[in-house]
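K.L.:
What follows is protein_15.cif, mmCIF, C-alpha atoms, pLDDT in the B column; chains and numbers go by the auth columns.
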data_structure
#
loop_
_atom_site.group_PDB
_atom_site.id
_atom_site.type_symbol
_atom_site.label_atom_id
_atom_site.label_comp_id
_atom_site.label_asym_id
_atom_site.label_seq_id
_atom_site.Cartn_x
_atom_site.Cartn_y
_atom_site.Cartn_z
_atom_site.B_iso_or_equiv
_atom_site.auth_seq_id
_atom_site.auth_asym_id
ATOM 1 C CA MET A 1 -17.254 16.045 55.544 51.00 1 R
ATOM 2 C CA GLY A 2 -17.378 12.618 53.902 57.00 2 R
ATOM 3 C CA TYR A 3 -19.931 9.951 54.505 57.00 3 R
ATOM 4 C CA LEU A 4 -19.889 8.089 57.799 58.00 4 R
ATOM 5 C CA PRO A 5 -20.421 4.364 57.340 60.00 5 R
ATOM 6 C CA VAL A 6 -22.675 2.528 59.760 62.00 6 R
ATOM 7 C CA VAL A 7 -21.751 -1.063 60.488 59.00 7 R
ATOM 8 C CA PHE A 8 -24.117 -3.420 62.249 60.00 8 R
ATOM 9 C CA ALA A 9 -22.727 -6.490 64.003 60.00 9 R
ATOM 10 C CA LYS A 10 -25.071 -9.386 63.341 53.00 10 R
ATOM 11 C CA LYS A 11 -25.892 -11.886 66.088 59.00 11 R
ATOM 12 C CA ALA A 12 -27.272 -14.490 63.683 61.00 12 R
ATOM 13 C CA ALA A 13 -25.319 -15.918 60.782 57.00 13 R
ATOM 14 C CA PRO A 14 -27.133 -15.192 57.523 59.00 14 R
ATOM 15 C CA ASN A 15 -26.555 -17.547 54.591 56.00 15 R
ATOM 16 C CA THR A 16 -24.555 -14.838 52.801 62.00 16 R
ATOM 17 C CA MET A 17 -22.109 -14.242 55.674 61.00 17 R
ATOM 18 C CA VAL A 18 -20.216 -17.483 56.070 61.00 18 R
ATOM 19 C CA GLU A 19 -16.646 -16.342 55.389 77.00 19 R
ATOM 20 C CA GLY A 20 -14.622 -13.158 55.325 88.00 20 R
ATOM 21 C CA VAL A 21 -15.882 -11.947 58.686 87.00 21 R
ATOM 22 C CA TYR A 22 -14.560 -10.819 62.032 89.00 22 R
ATOM 23 C CA SER A 23 -16.419 -12.619 64.794 87.00 23 R
ATOM 24 C CA THR A 24 -16.438 -13.020 68.562 90.00 24 R
ATOM 25 C CA ASP A 25 -18.725 -14.508 71.186 90.00 25 R
ATOM 26 C CA VAL A 26 -20.723 -12.245 73.494 90.00 26 R
ATOM 27 C CA LYS A 27 -22.549 -13.354 76.634 88.00 27 R
ATOM 28 C CA SER A 28 -25.968 -11.918 77.422 81.00 28 R
ATOM 29 C CA PHE A 29 -26.604 -11.911 81.154 77.00 29 R
ATOM 30 C CA THR A 30 -30.209 -10.828 80.537 75.00 30 R
ATOM 31 C CA LYS A 31 -31.046 -13.677 78.154 78.00 31 R
ATOM 32 C CA GLU A 32 -28.521 -16.121 79.652 86.00 32 R
ATOM 33 C CA THR A 33 -27.185 -16.937 76.187 88.00 33 R
ATOM 34 C CA VAL A 34 -23.967 -16.631 74.221 91.00 34 R
ATOM 35 C CA SER A 35 -24.197 -15.182 70.715 86.00 35 R
ATOM 36 C CA THR A 36 -21.571 -14.927 68.016 87.00 36 R
ATOM 37 C CA ILE A 37 -21.479 -11.424 66.556 86.00 37 R
ATOM 38 C CA ARG A 38 -20.093 -10.864 63.066 86.00 38 R
ATOM 39 C CA VAL A 39 -18.988 -7.998 60.857 86.00 39 R
ATOM 40 C CA SER A 40 -17.961 -8.481 57.243 85.00 40 R
ATOM 41 C CA ARG A 41 -14.262 -7.729 56.691 90.00 41 R
ATOM 42 C CA LYS A 42 -15.161 -5.450 53.764 88.00 42 R
ATOM 43 C CA PHE A 43 -16.817 -3.009 56.193 86.00 43 R
ATOM 44 C CA LEU A 44 -14.024 -2.741 58.778 90.00 44 R
ATOM 45 C CA GLN A 45 -10.568 -1.500 57.764 91.00 45 R
ATOM 46 C CA PRO A 46 -7.396 -0.796 59.796 94.00 46 R
ATOM 47 C CA GLU A 47 -7.663 2.977 59.225 93.00 47 R
ATOM 48 C CA ASP A 48 -11.235 3.132 60.599 92.00 48 R
ATOM 49 C CA ARG A 49 -12.000 5.029 63.788 92.00 49 R
ATOM 50 C CA ILE A 50 -15.111 3.484 65.318 93.00 50 R
ATOM 51 C CA LEU A 51 -17.823 4.781 67.619 93.00 51 R
ATOM 52 C CA ILE A 52 -19.747 1.886 69.177 93.00 52 R
ATOM 53 C CA ILE A 53 -23.440 2.590 69.865 93.00 53 R
ATOM 54 C CA ASP A 54 -25.665 0.307 71.947 91.00 54 R
ATOM 55 C CA ASP A 55 -29.119 0.559 73.478 92.00 55 R
ATOM 56 C CA PHE A 56 -28.437 -0.756 77.006 92.00 56 R
ATOM 57 C CA LEU A 57 -25.188 -0.995 78.935 94.00 57 R
ATOM 58 C CA ALA A 58 -25.261 -3.400 81.870 94.00 58 R
ATOM 59 C CA TYR A 59 -22.132 -5.547 82.215 94.00 59 R
ATOM 60 C CA GLY A 60 -20.465 -4.262 79.036 95.00 60 R
ATOM 61 C CA GLU A 61 -20.266 -7.616 77.261 93.00 61 R
ATOM 62 C CA SER A 62 -21.626 -6.401 73.906 91.00 62 R
ATOM 63 C CA ALA A 63 -19.413 -3.319 73.819 94.00 63 R
ATOM 64 C CA MET A 64 -16.327 -5.335 74.815 95.00 64 R
ATOM 65 C CA GLY A 65 -17.127 -7.878 72.100 94.00 65 R
ATOM 66 C CA LEU A 66 -17.506 -5.143 69.493 93.00 66 R
ATOM 67 C CA ALA A 67 -14.229 -3.604 70.671 95.00 67 R
ATOM 68 C CA ARG A 68 -12.551 -7.003 70.152 94.00 68 R
ATOM 69 C CA LEU A 69 -13.905 -7.063 66.570 92.00 69 R
ATOM 70 C CA VAL A 70 -12.580 -3.571 65.910 94.00 70 R
ATOM 71 C CA LYS A 71 -9.168 -4.468 67.351 95.00 71 R
ATOM 72 C CA SER A 72 -8.987 -7.671 65.286 94.00 72 R
ATOM 73 C CA ALA A 73 -9.377 -5.498 62.167 94.00 73 R
ATOM 74 C CA GLY A 74 -6.567 -3.212 63.318 96.00 74 R
ATOM 75 C CA ALA A 75 -9.009 -0.309 63.652 94.00 75 R
ATOM 76 C CA SER A 76 -9.538 1.823 66.777 94.00 76 R
ATOM 77 C CA VAL A 77 -12.483 2.391 69.094 94.00 77 R
ATOM 78 C CA GLU A 78 -12.845 6.135 69.676 94.00 78 R
ATOM 79 C CA GLY A 79 -15.706 5.857 72.153 94.00 79 R
ATOM 80 C CA ILE A 80 -18.815 4.027 73.266 95.00 80 R
ATOM 81 C CA GLY A 81 -22.254 5.636 73.351 94.00 81 R
ATOM 82 C CA VAL A 82 -25.303 4.099 74.978 95.00 82 R
ATOM 83 C CA VAL A 83 -28.897 5.144 75.391 95.00 83 R
ATOM 84 C CA ILE A 84 -29.398 3.713 78.903 96.00 84 R
ATOM 85 C CA GLU A 85 -26.579 2.803 81.274 97.00 85 R
ATOM 86 C CA LYS A 86 -27.322 0.614 84.293 96.00 86 R
ATOM 87 C CA GLN A 87 -24.494 2.005 86.409 96.00 87 R
ATOM 88 C CA PHE A 88 -25.097 -0.474 89.249 96.00 88 R
ATOM 89 C CA GLN A 89 -24.117 -3.368 86.969 95.00 89 R
ATOM 90 C CA GLU A 90 -20.624 -1.887 86.470 92.00 90 R
ATOM 91 C CA GLY A 91 -20.236 -2.321 82.706 96.00 91 R
ATOM 92 C CA SER A 92 -19.329 1.344 82.241 96.00 92 R
ATOM 93 C CA ALA A 93 -16.626 1.106 84.917 96.00 93 R
ATOM 94 C CA ARG A 94 -15.225 -1.990 83.194 96.00 94 R
ATOM 95 C CA LEU A 95 -15.150 -0.254 79.799 97.00 95 R
ATOM 96 C CA ARG A 96 -13.542 2.901 81.188 97.00 96 R
ATOM 97 C CA GLN A 97 -10.948 0.780 82.983 97.00 97 R
ATOM 98 C CA ALA A 98 -10.144 -0.778 79.599 97.00 98 R
ATOM 99 C CA GLY A 99 -9.506 2.751 78.281 97.00 99 R
ATOM 100 C CA PHE A 100 -12.716 3.472 76.376 97.00 100 R
ATOM 101 C CA PRO A 101 -14.572 6.781 76.740 97.00 101 R
ATOM 102 C CA VAL A 102 -18.233 6.011 77.577 97.00 102 R
ATOM 103 C CA GLU A 103 -21.204 8.386 77.265 96.00 103 R
ATOM 104 C CA ALA A 104 -24.833 7.629 78.124 97.00 104 R
ATOM 105 C CA LEU A 105 -28.031 9.566 77.501 97.00 105 R
ATOM 106 C CA VAL A 106 -29.590 8.198 80.715 97.00 106 R
ATOM 107 C CA VAL A 107 -27.785 6.718 83.718 97.00 107 R
ATOM 108 C CA ILE A 108 -29.680 4.542 86.184 97.00 108 R
ATOM 109 C CA ARG A 109 -27.866 4.501 89.529 96.00 109 R
ATOM 110 C CA SER A 110 -30.052 1.845 91.147 96.00 110 R
ATOM 111 C CA ILE A 111 -33.324 -0.038 91.025 95.00 111 R
ATOM 112 C CA THR A 112 -34.678 -0.927 94.456 96.00 112 R
ATOM 113 C CA ASP A 113 -38.179 -2.244 95.185 96.00 113 R
ATOM 114 C CA GLY A 114 -39.387 -0.997 91.814 93.00 114 R
ATOM 115 C CA ASN A 115 -37.967 2.505 92.374 96.00 115 R
ATOM 116 C CA ILE A 116 -35.521 3.791 89.789 96.00 116 R
ATOM 117 C CA GLU A 117 -32.848 6.238 90.924 97.00 117 R
ATOM 118 C CA PHE A 118 -31.275 8.245 88.095 96.00 118 R
ATOM 119 C CA ASP A 119 -27.834 9.772 88.214 91.00 119 R
#
How would this structure read if it were set down as structure tokens?
P.N.:
Amino acid sequence: MGYLPVVFAKKAAPNTMVEGVYSTDVKSFTKETVSTIRVSRKFLQPEDRILIIDDFLAYGESAMGLARLVKSAGASVEGIGVVIEKQFQEGSARLRQAGFPVEALVVIRSITDGNIEFD
């Protein structure tokens, strides 16, 4: 088995990443902001098969943005893994509807009056 590269999509533009990048805008419903995420073109090739990993999945904006970056490079998204999925915010349904396999370590079905219901 060869090495598996890890690529991190930056939300802030460092001085060294001003050209030669794939980029897309991603809305954060939590922070009520729009960020531009970037990946250097040297780290994303058409033959790459990508697994997207994220900490939280709510509306699916970050994962959809990363999938757009992967597609713009001609590469393929093989799946999306998240640590915590907020199922009630429907991001996982949106991603699955777009054809992406989604797996979560923890699925929160609902949060009502401070009570968390897990799936």
K.L.:
Could you work out how far atom CA of Leu69 of chain R lies from atom CA of Ser40 of chain R, giving the answer in Å with one decimal?
P.N.:
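Going from atom CA of Ser40 of chain R over to atom CA of Leu69 of chain R covers 10.3 Å.
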K.L.:
Fewer than 4 positions away in the same chain doesn't count, so skip those; otherwise give me all residues within 8 Å of segment 52-60 of chain R, counting all atoms listed in the file, as a list in words.
P.N.:
Phe29, Met64, Leu66, Ala67, Val77, Gly79, Ile80, Gly81, Val82, Val83, Ile84, Glu85, Lys86, Gln87, Phe88, Gln89, Glu90, Gly91, Ser92, Arg94 and Leu95 of chain R
K.L.:
Using only C-alpha atoms for the distances, tell me which of R:Ser76, R:Ser23, R:Ser110, R:Gln97 is nearest to Ile50 of chain R.
P.N.:
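That would be R:Ser76, the residue with the smallest distance to Ile50 of chain R.
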K.L.:
So how far away is atom CA of Ala104 of chain R from atom CA of Phe43 of chain R, in Å?
P.N.:
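These atoms are spaced 25.7 Å apart.
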K.L.:
Measuring atom to atom with only C-alpha atoms, identify which of R:Ser28, R:Val34, R:Ser62, R:Asp119 is nearest to Val107 of chain R.
P.N.:
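Comparing R:Ser28, R:Val34, R:Ser62, R:Asp119 against Val107 of chain R, the winner is R:Asp119.
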K.L.:
Take the point (-33.8, 4.1, 87.4) as written in the file and pick out every residue within 9 Å of it, counting all atoms listed in the file; give the list as a short mmCIF file (atom, residue, chain, number, x, y, z; two decimals) with C-alpha atoms, keeping the file's coordinate frame.
P.N.:
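Result went into result_6.cif, see below:
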data_model
loop_
_atom_site.label_atom_id
_atom_site.label_comp_id
_atom_site.auth_asym_id
_atom_site.auth_seq_id
_atom_site.Cartn_x
_atom_site.Cartn_y
_atom_site.Cartn_z
CA LYS R 86 -27.32 0.61 84.29
CA VAL R 106 -29.59 8.20 80.72
CA VAL R 107 -27.78 6.72 83.72
CA ILE R 108 -29.68 4.54 86.18
CA ARG R 109 -27.87 4.50 89.53
CA SER R 110 -30.05 1.84 91.15
CA ILE R 111 -33.32 -0.04 91.02
CA THR R 112 -34.68 -0.93 94.46
CA GLY R 114 -39.39 -1.00 91.81
CA ASN R 115 -37.97 2.50 92.37
CA ILE R 116 -35.52 3.79 89.79
CA GLU R 117 -32.85 6.24 90.92
CA PHE R 118 -31.28 8.24 88.10
CA ASP R 119 -27.83 9.77 88.21
#
K.L.:
Please measure the separation of atom CA of Gly74 of chain R and atom CA of Glu19 of chain R, giving the value in Å to one decimal.
P.N.:
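One can read the atom CA of Gly74 of chain R to atom CA of Glu19 of chain R distance as 18.4 Å.
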K.L.:
So that I can check the surroundings of Glu78 of chain R, please list as a list in words every protein, DNA and RNA residue that reaches within 10 Å of it, counting all atoms listed in the file and ignoring chain neighbours fewer than 4 positions away.
P.N.:
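In the requested form, the answer reads Asp48, Arg49, Ile50, Leu51, Ile52, Ala67, Gly99, Phe100, Pro101 and Val102 of chain R.
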K.L.:
In terms of the shortest atom-to-atom distance over all atoms listed in the file, which of R:Asp25, R:Glu47, R:Glu32, R:Glu103 is closest to Arg68 of chain R?
P.N.:
R:Asp25
